[in-house]
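**Student:** Next comes target_19.txt, compact mmCIF, C-alpha atoms:
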# COMPACT_ATOMS: atom_id res chain seq x y z
CA MET A 9 112.20 33.83 -37.63
CA PRO A 10 108.47 33.50 -38.27
CA ASP A 11 106.58 36.10 -36.23
CA PHE A 12 102.83 35.64 -35.91
CA GLY A 13 102.29 38.48 -33.46
CA ARG A 14 101.45 35.93 -30.76
CA CYS A 15 102.57 32.50 -29.58
CA ALA A 16 102.96 30.17 -32.58
CA VAL A 17 101.09 26.87 -32.69
CA LEU A 18 103.03 23.94 -34.15
CA GLY A 19 100.97 20.89 -35.07
CA ILE A 20 102.73 17.56 -34.54
CA LEU A 21 102.66 15.25 -37.57
CA ASN A 22 104.38 11.94 -36.77
CA VAL A 23 104.77 9.78 -39.87
CA THR A 24 106.03 6.90 -37.73
CA PRO A 25 104.68 3.52 -36.68
CA ASP A 26 105.85 3.83 -33.06
CA SER A 27 105.46 7.36 -31.68
CA PHE A 28 104.05 7.34 -28.15
CA SER A 29 100.80 9.13 -28.95
CA ASP A 30 99.78 8.60 -32.56
CA GLY A 31 102.28 6.07 -33.90
CA GLY A 32 100.90 4.33 -36.97
CA ALA A 33 98.02 6.74 -37.54
CA PHE A 34 99.73 8.66 -40.32
CA VAL A 35 102.28 6.31 -41.87
CA ASN A 36 100.33 6.47 -45.12
CA PRO A 37 101.45 9.64 -46.96
CA GLU A 38 97.92 10.49 -48.07
CA ALA A 39 96.64 10.23 -44.49
CA ALA A 40 99.58 12.31 -43.25
CA VAL A 41 99.00 15.08 -45.78
CA ALA A 42 95.28 15.12 -45.00
CA HIS A 43 96.01 15.42 -41.28
CA GLY A 44 98.52 18.19 -41.88
CA LEU A 45 95.97 20.16 -43.88
CA ALA A 46 93.36 19.55 -41.17
CA MET A 47 95.72 20.94 -38.53
CA LEU A 48 96.25 24.05 -40.65
CA ALA A 49 92.49 24.48 -40.93
CA ASP A 50 92.27 24.15 -37.14
CA GLY A 51 94.73 27.00 -36.62
CA ALA A 52 98.24 25.54 -36.81
CA ASP A 53 100.83 28.09 -37.91
CA ILE A 54 103.45 25.43 -38.64
CA VAL A 55 103.23 21.69 -39.23
CA ASP A 56 106.14 19.82 -37.65
CA VAL A 57 106.84 16.62 -39.62
CA GLY A 58 108.85 13.84 -37.98
CA GLY A 59 109.86 10.42 -39.26
CA GLU A 60 111.71 9.00 -36.25
CA SER A 61 110.13 8.34 -32.86
CA THR A 62 111.91 9.81 -29.86
CA ARG A 63 109.66 8.24 -27.22
CA PRO A 64 111.54 6.66 -24.27
CA GLY A 65 113.07 3.36 -25.35
CA ALA A 66 112.66 3.94 -29.09
CA ALA A 67 115.31 2.53 -31.40
CA ARG A 68 116.74 4.63 -34.21
CA VAL A 69 115.68 4.07 -37.81
CA PRO A 70 118.07 4.18 -40.78
CA ALA A 71 118.39 7.50 -42.57
CA ASP A 72 116.94 6.15 -45.80
CA GLU A 73 113.81 5.00 -43.97
CA GLU A 74 113.42 8.38 -42.27
CA LEU A 75 113.75 10.07 -45.66
CA ARG A 76 111.21 7.69 -47.21
CA ARG A 77 108.69 8.60 -44.52
CA VAL A 78 109.02 12.36 -44.44
CA ILE A 79 109.99 13.71 -47.85
CA PRO A 80 106.79 12.87 -49.80
CA VAL A 81 104.73 14.42 -46.99
CA VAL A 82 106.89 17.55 -46.79
CA ARG A 83 106.77 17.96 -50.55
CA GLU A 84 102.97 17.66 -50.76
CA LEU A 85 102.24 19.94 -47.81
CA ALA A 86 104.73 22.56 -49.02
CA ALA A 87 103.06 22.50 -52.44
CA ALA A 88 99.76 23.19 -50.67
CA GLY A 89 101.27 26.29 -49.07
CA ALA A 90 101.96 24.95 -45.58
CA LEU A 91 104.76 26.38 -43.44
CA LEU A 92 106.70 23.32 -42.33
CA SER A 93 109.24 22.26 -39.76
CA ILE A 94 111.28 19.06 -40.10
CA ASP A 95 111.73 17.19 -36.83
CA THR A 96 115.02 15.34 -37.29
CA MET A 97 118.42 14.77 -35.70
CA ARG A 98 120.11 14.10 -39.06
CA ALA A 99 121.66 16.80 -41.23
CA GLU A 100 121.00 14.66 -44.32
CA VAL A 101 117.27 14.55 -43.59
CA ALA A 102 117.14 18.23 -42.67
CA GLN A 103 118.78 19.18 -45.96
CA ALA A 104 116.43 17.01 -48.02
CA ALA A 105 113.41 18.43 -46.21
CA LEU A 106 114.56 22.02 -46.69
CA ASP A 107 115.12 21.28 -50.38
CA SER A 108 111.57 19.88 -50.52
CA GLY A 109 109.95 22.96 -48.99
CA ALA A 110 110.42 22.86 -45.20
CA ALA A 111 111.33 26.18 -43.59
CA LEU A 112 112.49 25.26 -40.06
CA VAL A 113 114.67 22.55 -38.54
CA ASN A 114 113.61 21.07 -35.20
CA ASP A 115 116.52 19.05 -33.79
CA VAL A 116 115.75 17.40 -30.45
CA SER A 117 119.43 16.58 -30.00
CA GLY A 118 120.55 20.20 -30.25
CA GLY A 119 123.20 19.16 -32.75
CA LEU A 120 124.70 16.45 -30.56
CA ALA A 121 123.43 13.52 -32.65
CA ASP A 122 124.96 14.77 -35.89
CA ALA A 123 127.98 17.06 -35.90
CA ALA A 124 127.10 18.22 -39.41
CA MET A 125 123.78 19.73 -38.35
CA ALA A 126 125.07 23.10 -37.13
CA GLY A 127 127.00 23.72 -40.35
CA LEU A 128 124.02 22.79 -42.46
CA VAL A 129 121.70 25.10 -40.55
CA ALA A 130 124.25 27.91 -40.70
CA HIS A 131 124.53 27.54 -44.47
CA ALA A 132 120.77 27.24 -45.01
CA GLY A 133 119.92 30.17 -42.74
CA ALA A 134 116.78 28.37 -41.57
CA PRO A 135 115.31 28.85 -38.09
CA TYR A 136 116.71 26.14 -35.84
CA VAL A 137 115.08 24.64 -32.75
CA LEU A 138 117.86 23.57 -30.40
CA MET A 139 116.58 21.32 -27.63
CA HIS A 140 118.16 20.27 -24.34
CA TRP A 141 119.20 16.64 -24.80
CA ARG A 142 121.42 14.15 -23.01
CA GLY A 143 121.24 11.06 -25.18
CA HIS A 144 119.18 8.89 -27.47
CA SER A 145 115.79 7.50 -26.50
CA ASP A 146 117.05 4.04 -25.63
CA SER A 147 119.20 5.44 -22.81
CA MET A 148 117.97 8.93 -21.98
CA GLN A 149 116.03 7.93 -18.88
CA GLN A 150 119.32 6.70 -17.37
CA ARG A 151 120.57 10.30 -17.49
CA VAL A 152 118.08 12.04 -15.21
CA GLN A 153 120.50 13.03 -12.45
CA TYR A 154 120.79 16.78 -11.93
CA HIS A 155 122.39 18.85 -9.20
CA ASP A 156 119.85 21.60 -9.87
CA VAL A 157 117.68 20.88 -12.90
CA MET A 158 117.01 24.54 -13.69
CA ALA A 159 120.61 25.63 -13.42
CA ASP A 160 121.92 22.52 -15.17
CA VAL A 161 119.54 22.78 -18.14
CA VAL A 162 120.34 26.46 -18.58
CA ALA A 163 124.09 25.75 -18.40
CA GLU A 164 123.89 22.84 -20.85
CA LEU A 165 121.79 24.85 -23.30
CA ARG A 166 124.27 27.70 -23.04
CA SER A 167 127.09 25.29 -23.87
CA ARG A 168 125.22 24.02 -26.95
CA LEU A 169 124.52 27.60 -27.98
CA ASP A 170 128.22 28.42 -27.81
CA THR A 171 129.02 25.43 -30.00
CA VAL A 172 126.49 26.09 -32.75
CA LEU A 173 127.26 29.81 -32.79
CA ALA A 174 130.94 28.94 -33.27
CA CYS A 175 129.86 26.86 -36.28
CA GLY A 176 128.38 29.96 -37.89
CA VAL A 177 124.72 29.71 -36.91
CA ASP A 178 123.25 33.21 -36.65
CA PRO A 179 121.87 33.94 -33.16
CA GLU A 180 118.67 35.19 -34.83
CA GLN A 181 118.04 31.68 -36.20
CA ILE A 182 117.88 29.93 -32.82
CA ILE A 183 114.83 28.82 -30.86
CA LEU A 184 115.43 26.96 -27.59
CA ASP A 185 113.45 24.02 -26.22
CA PRO A 186 114.01 22.78 -22.63
CA GLY A 187 113.27 19.21 -23.69
CA LEU A 188 110.40 18.25 -21.42
CA GLY A 189 110.43 14.49 -20.91
CA PHE A 190 113.89 14.00 -22.40
CA ALA A 191 116.09 12.75 -19.57
CA LYS A 192 113.69 14.45 -17.16
CA THR A 193 111.43 13.22 -14.38
CA ALA A 194 107.94 14.62 -13.89
CA ALA A 195 109.28 16.87 -11.12
CA HIS A 196 111.98 18.18 -13.45
CA ASN A 197 109.38 19.00 -16.11
CA TRP A 198 107.23 20.97 -13.67
CA THR A 199 110.26 22.88 -12.40
CA LEU A 200 111.22 23.88 -15.93
CA LEU A 201 107.68 25.00 -16.72
CA ALA A 202 107.54 27.00 -13.49
CA HIS A 203 110.73 28.89 -14.36
CA LEU A 204 110.47 29.75 -18.04
CA ASP A 205 111.82 33.16 -17.11
CA ALA A 206 115.18 31.55 -16.28
CA LEU A 207 115.29 29.93 -19.72
CA ALA A 208 114.43 33.29 -21.29
CA THR A 209 117.62 34.77 -19.82
CA LEU A 210 119.50 32.84 -22.53
CA GLY A 211 118.17 35.46 -24.94
CA HIS A 212 116.38 33.29 -27.48
CA PRO A 213 112.75 32.48 -28.26
CA LEU A 214 111.37 29.39 -26.50
CA LEU A 215 109.40 26.43 -27.84
CA ILE A 216 107.45 24.31 -25.34
CA SER A 217 106.47 20.74 -26.22
CA ALA A 218 104.46 19.19 -23.39
CA SER A 219 101.67 17.67 -25.45
CA ARG A 220 100.28 14.41 -24.06
CA LYS A 221 103.57 13.53 -22.32
CA SER A 222 103.70 11.00 -19.53
CA PHE A 223 104.19 13.55 -16.73
CA LEU A 224 100.66 14.76 -17.51
CA GLY A 225 99.37 11.21 -17.27
CA THR A 226 101.02 10.92 -13.86
CA LEU A 227 99.52 14.20 -12.66
CA LEU A 228 96.04 13.12 -13.72
CA ALA A 229 96.24 9.55 -12.39
CA GLY A 230 93.14 8.16 -10.75
CA PRO A 231 92.82 7.00 -7.11
CA ASP A 232 94.23 3.62 -8.13
CA GLY A 233 97.37 5.30 -9.45
CA GLU A 234 96.68 4.36 -13.05
CA GLN A 235 97.91 7.02 -15.46
CA ARG A 236 95.58 8.81 -17.83
CA THR A 237 95.96 7.45 -21.34
CA VAL A 238 97.57 9.66 -23.97
CA ASP A 239 94.24 10.61 -25.54
CA GLN A 240 92.97 11.79 -22.13
CA ARG A 241 95.77 14.34 -21.61
CA ASP A 242 94.66 17.00 -24.08
CA ASP A 243 92.89 19.22 -21.54
CA ALA A 244 96.04 19.38 -19.42
CA THR A 245 98.04 20.08 -22.58
CA THR A 246 95.70 22.98 -23.36
CA ALA A 247 96.21 24.39 -19.86
CA ILE A 248 99.97 24.36 -20.37
CA SER A 249 99.51 25.96 -23.79
CA ALA A 250 97.64 28.89 -22.25
CA LEU A 251 100.13 29.34 -19.43
CA ALA A 252 103.14 29.10 -21.76
CA ALA A 253 101.60 31.66 -24.11
CA MET A 254 100.97 33.97 -21.14
CA ALA A 255 104.62 33.56 -20.18
CA GLY A 256 105.66 34.87 -23.59
CA VAL A 257 107.08 31.77 -25.27
CA TRP A 258 107.58 31.88 -29.04
CA GLY A 259 105.68 28.66 -29.70
CA ILE A 260 103.93 25.56 -28.43
CA ARG A 261 103.99 22.15 -30.09
CA VAL A 262 100.80 20.10 -29.80
CA HIS A 263 98.89 17.10 -31.12
CA GLN A 264 95.42 18.69 -30.90
CA VAL A 265 95.62 22.06 -32.61
CA ARG A 266 92.22 23.69 -32.20
CA PRO A 267 92.11 23.81 -28.37
CA ALA A 268 95.72 25.00 -28.28
CA ALA A 269 95.01 27.72 -30.83
CA ASP A 270 91.99 28.79 -28.77
CA ALA A 271 94.13 28.87 -25.62
CA VAL A 272 96.66 31.10 -27.37
CA ARG A 273 93.87 33.47 -28.42
CA VAL A 274 92.69 33.75 -24.83
CA ALA A 275 96.22 34.33 -23.54
CA THR A 276 96.87 36.95 -26.22
CA ALA A 277 93.65 38.80 -25.39
CA ILE A 278 94.44 38.89 -21.67
CA THR A 279 98.00 40.05 -22.31
CA ALA A 280 96.76 42.80 -24.62
CA ALA A 281 94.19 43.93 -22.02
CA ARG A 282 96.92 44.17 -19.41
CA VAL A 283 98.99 46.38 -21.69
CA ILE A 284 96.04 48.63 -22.43
CA THR A 285 95.19 48.93 -18.73
CA SER A 286 98.78 49.75 -17.80
CA GLN A 287 98.83 52.53 -20.41
CA THR A 288 95.49 54.06 -19.40
CA PRO A 289 95.90 57.21 -17.25
CA GLY A 290 94.43 56.93 -13.80
CA GLN A 291 94.41 53.14 -13.75
For this file, write the structure as structure tokens.
**Tutor:**
Amino acid sequence: MPDFGRCAVLGILNVTPDSFSDGGAFVNPEAAVAHGLAMLADGADIVDVGGESTRPGAARVPADEELRRVIPVVRELAAAGALLSIDTMRAEVAQAALDSGAALVNDVSGGLADAAMAGLVAHAGAPYVLMHWRGHSDSMQQRVQYHDVMADVVAELRSRLDTVLACGVDPEQIILDPGLGFAKTAAHNWTLLAHLDALATLGHPLLISASRKSFLGTLLAGPDGEQRTVDQRDDATTAISALAAMAGVWGIRVHQVRPAADAVRVATAITAARVITSQTPGQ
């Protein structure tokens, strides 16, 4: 498990034509590689490369198209020394990306989309982000009913954990993601963010991916009720980055790296000052 001595910053690199925030901006491999290198220069610890949009309503792409999009970019960035994550639900794509230089697997389906994923990750020994997920993008917003969103997400993540551990995945490989925006309402997302301590009871590092998501646009809506556009949600994303880092999460996943990296620095400095103060006699 990569340990940076503070909250990790994962830069989002979507090599897709239809992602909700930056779809189409980096479909050209040269542009994608350049953006990945720019994110590293801005302070990203890991570049998370994805070739299939998971925005609400998105249709799946064939595996060969996903491979065509991601592998040249992974190969070039790995050759440049980048630490990479592959954002995929397919074991075939994960394997090809690991063979091309990726180091982590970020599976938004938590192994539910491809039964072969857990075995592949177990064999590879790569860190594995297991996200809370209830179904593919074209139907996930029909699955937002919860008795108690906090308890239900914890229980469903625990069930997925049991399954992948039974497939041989080492507990030390696993990072958990509560899946903000995936079969969740805005209220659900805020509840999950407010109770990261409950997710931490599962005993694994946490990754938070709130960047530019629609619940931030709803929060920041103007008097007329019109949502903030995706490119106007970065300040709110940075606020969540700071708060998540203060809460002790392993990593945050963001579109704009520099403000998030700065927020992590601030959170780290405050946390360190608290520790020093608590250890100072007479304080």
**Student:** Contacts of Val101 of chain A at 12 Å or less, counting all atoms listed in the file, minus same-chain residues fewer than 5 places along, as an MDAnalysis selection string?
**Tutor:** chainID A and resid 57:60 70:79 82 93:96 106:108 110 113:115 122 124:125 128:129
**Student:** Compare A:Asp232, A:Glu84, A:Asp178, A:Asp156 by their minimum atom-to-atom distance to Thr199 of chain A, counting all atoms listed in the file, and give me the closest one.
**Tutor:**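 Using all atoms listed in the file, the shortest distance to Thr199 of chain A belongs to A:Asp156.
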**Student:** As an exercise, work out the distance from atom CA of Glu234 of chain A to atom CA of Phe190 of chain A in Å and give it to one decimal place.
**Tutor:** 21.8 Å
**Student:** Name the residues in contact with segment 21-23 of chain A at a cut-off of 8 Å, using only C-alpha atoms, excluding same-chain residues fewer than 3 positions from it; report them as a PyMOL selection string.
**Tutor:** chain A and resi 27+30-37+40+43-44+55-61+77-78+263
**Student:** For the selection you just gave me, I'd like the residues written to a file as a PDB file, keeping the file's coordinate frame, keeping C-alpha atoms.
**Tutor:**
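File produced: selection_37.pdb:
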ATOM      1  CA  SER A  27     105.460   7.360 -31.680  1.00  0.00           C
ATOM      2  CA  ASP A  30      99.780   8.600 -32.560  1.00  0.00           C
ATOM      3  CA  GLY A  31     102.280   6.070 -33.900  1.00  0.00           C
ATOM      4  CA  GLY A  32     100.900   4.330 -36.970  1.00  0.00           C
ATOM      5  CA  ALA A  33      98.020   6.740 -37.540  1.00  0.00           C
ATOM      6  CA  PHE A  34      99.730   8.660 -40.320  1.00  0.00           C
ATOM      7  CA  VAL A  35     102.280   6.310 -41.870  1.00  0.00           C
ATOM      8  CA  ASN A  36     100.330   6.470 -45.120  1.00  0.00           C
ATOM      9  CA  PRO A  37     101.450   9.640 -46.960  1.00  0.00           C
ATOM     10  CA  ALA A  40      99.580  12.310 -43.250  1.00  0.00           C
ATOM     11  CA  HIS A  43      96.010  15.420 -41.280  1.00  0.00           C
ATOM     12  CA  GLY A  44      98.520  18.190 -41.880  1.00  0.00           C
ATOM     13  CA  VAL A  55     103.230  21.690 -39.230  1.00  0.00           C
ATOM     14  CA  ASP A  56     106.140  19.820 -37.650  1.00  0.00           C
ATOM     15  CA  VAL A  57     106.840  16.620 -39.620  1.00  0.00           C
ATOM     16  CA  GLY A  58     108.850  13.840 -37.980  1.00  0.00           C
ATOM     17  CA  GLY A  59     109.860  10.420 -39.260  1.00  0.00           C
ATOM     18  CA  GLU A  60     111.710   9.000 -36.250  1.00  0.00           C
ATOM     19  CA  SER A  61     110.130   8.340 -32.860  1.00  0.00           C
ATOM     20  CA  ARG A  77     108.690   8.600 -44.520  1.00  0.00           C
ATOM     21  CA  VAL A  78     109.020  12.360 -44.440  1.00  0.00           C
ATOM     22  CA  HIS A 263      98.890  17.100 -31.120  1.00  0.00           C
TER      23      HIS A 263
END
**Student:** Skipping near chain neighbours, those fewer than 4 positions away, what residues fall within 7 Å of Ala275 of chain A using only C-alpha atoms, listed as a list in words?
**Tutor:**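 The filter keeps Ala250, Ala253, Met254, Ala271 and Thr279 of chain A.
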**Student:** Figure out the distance between atom CA of Arg142 of chain A and atom CA of Leu169 of chain A, please, to one decimal in Å.
**Tutor:**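 Interatomic distance, atom CA of Leu169 of chain A to atom CA of Arg142 of chain A: 14.7 Å.
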**Student:** Would you kindly return, as an mmCIF file with C-alpha atoms, in the frame of the given file, each protein, DNA or RNA residue with an atom no farther than 8 Å from any atom of Gln264 of chain A, considering only C-alpha atoms and excluding same-chain residues fewer than 2 positions away?
**Tutor:**
data_model
loop_
_atom_site.group_PDB
_atom_site.id
_atom_site.type_symbol
_atom_site.label_atom_id
_atom_site.label_comp_id
_atom_site.auth_asym_id
_atom_site.auth_seq_id
_atom_site.Cartn_x
_atom_site.Cartn_y
_atom_site.Cartn_z
ATOM 1 C CA GLY A 19 100.970 20.890 -35.070
ATOM 2 C CA MET A 47 95.720 20.940 -38.530
ATOM 3 C CA ASP A 242 94.660 17.000 -24.080
ATOM 4 C CA VAL A 262 100.800 20.100 -29.800
ATOM 5 C CA ARG A 266 92.220 23.690 -32.200
ATOM 6 C CA PRO A 267 92.110 23.810 -28.370
ATOM 7 C CA ALA A 268 95.720 25.000 -28.280
#
**Student:** One number please: atom CA of Asp53 of chain A to atom CA of Leu228 of chain A, in Å, one decimal.
**Tutor:**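 Distance reported for this atom pair: 28.8 Å.
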**Student:** If we count all atoms listed in the file and set the cut-off at 12 Å, which residues sit around Glu164 of chain A, ignoring sequence neighbours fewer than 5 positions away in its own chain? Please answer as a list in words.
**Tutor:**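 In the requested form, the answer reads Ser117, Gly118, Leu120, Leu138, Met139, His140, Trp141, Arg142, Tyr154, Asp156, Val157, Met158, Ala159, Leu169, Asp170, Thr171, Leu184, Asp185, Pro186, Gly187, Leu207 and Leu210 of chain A.
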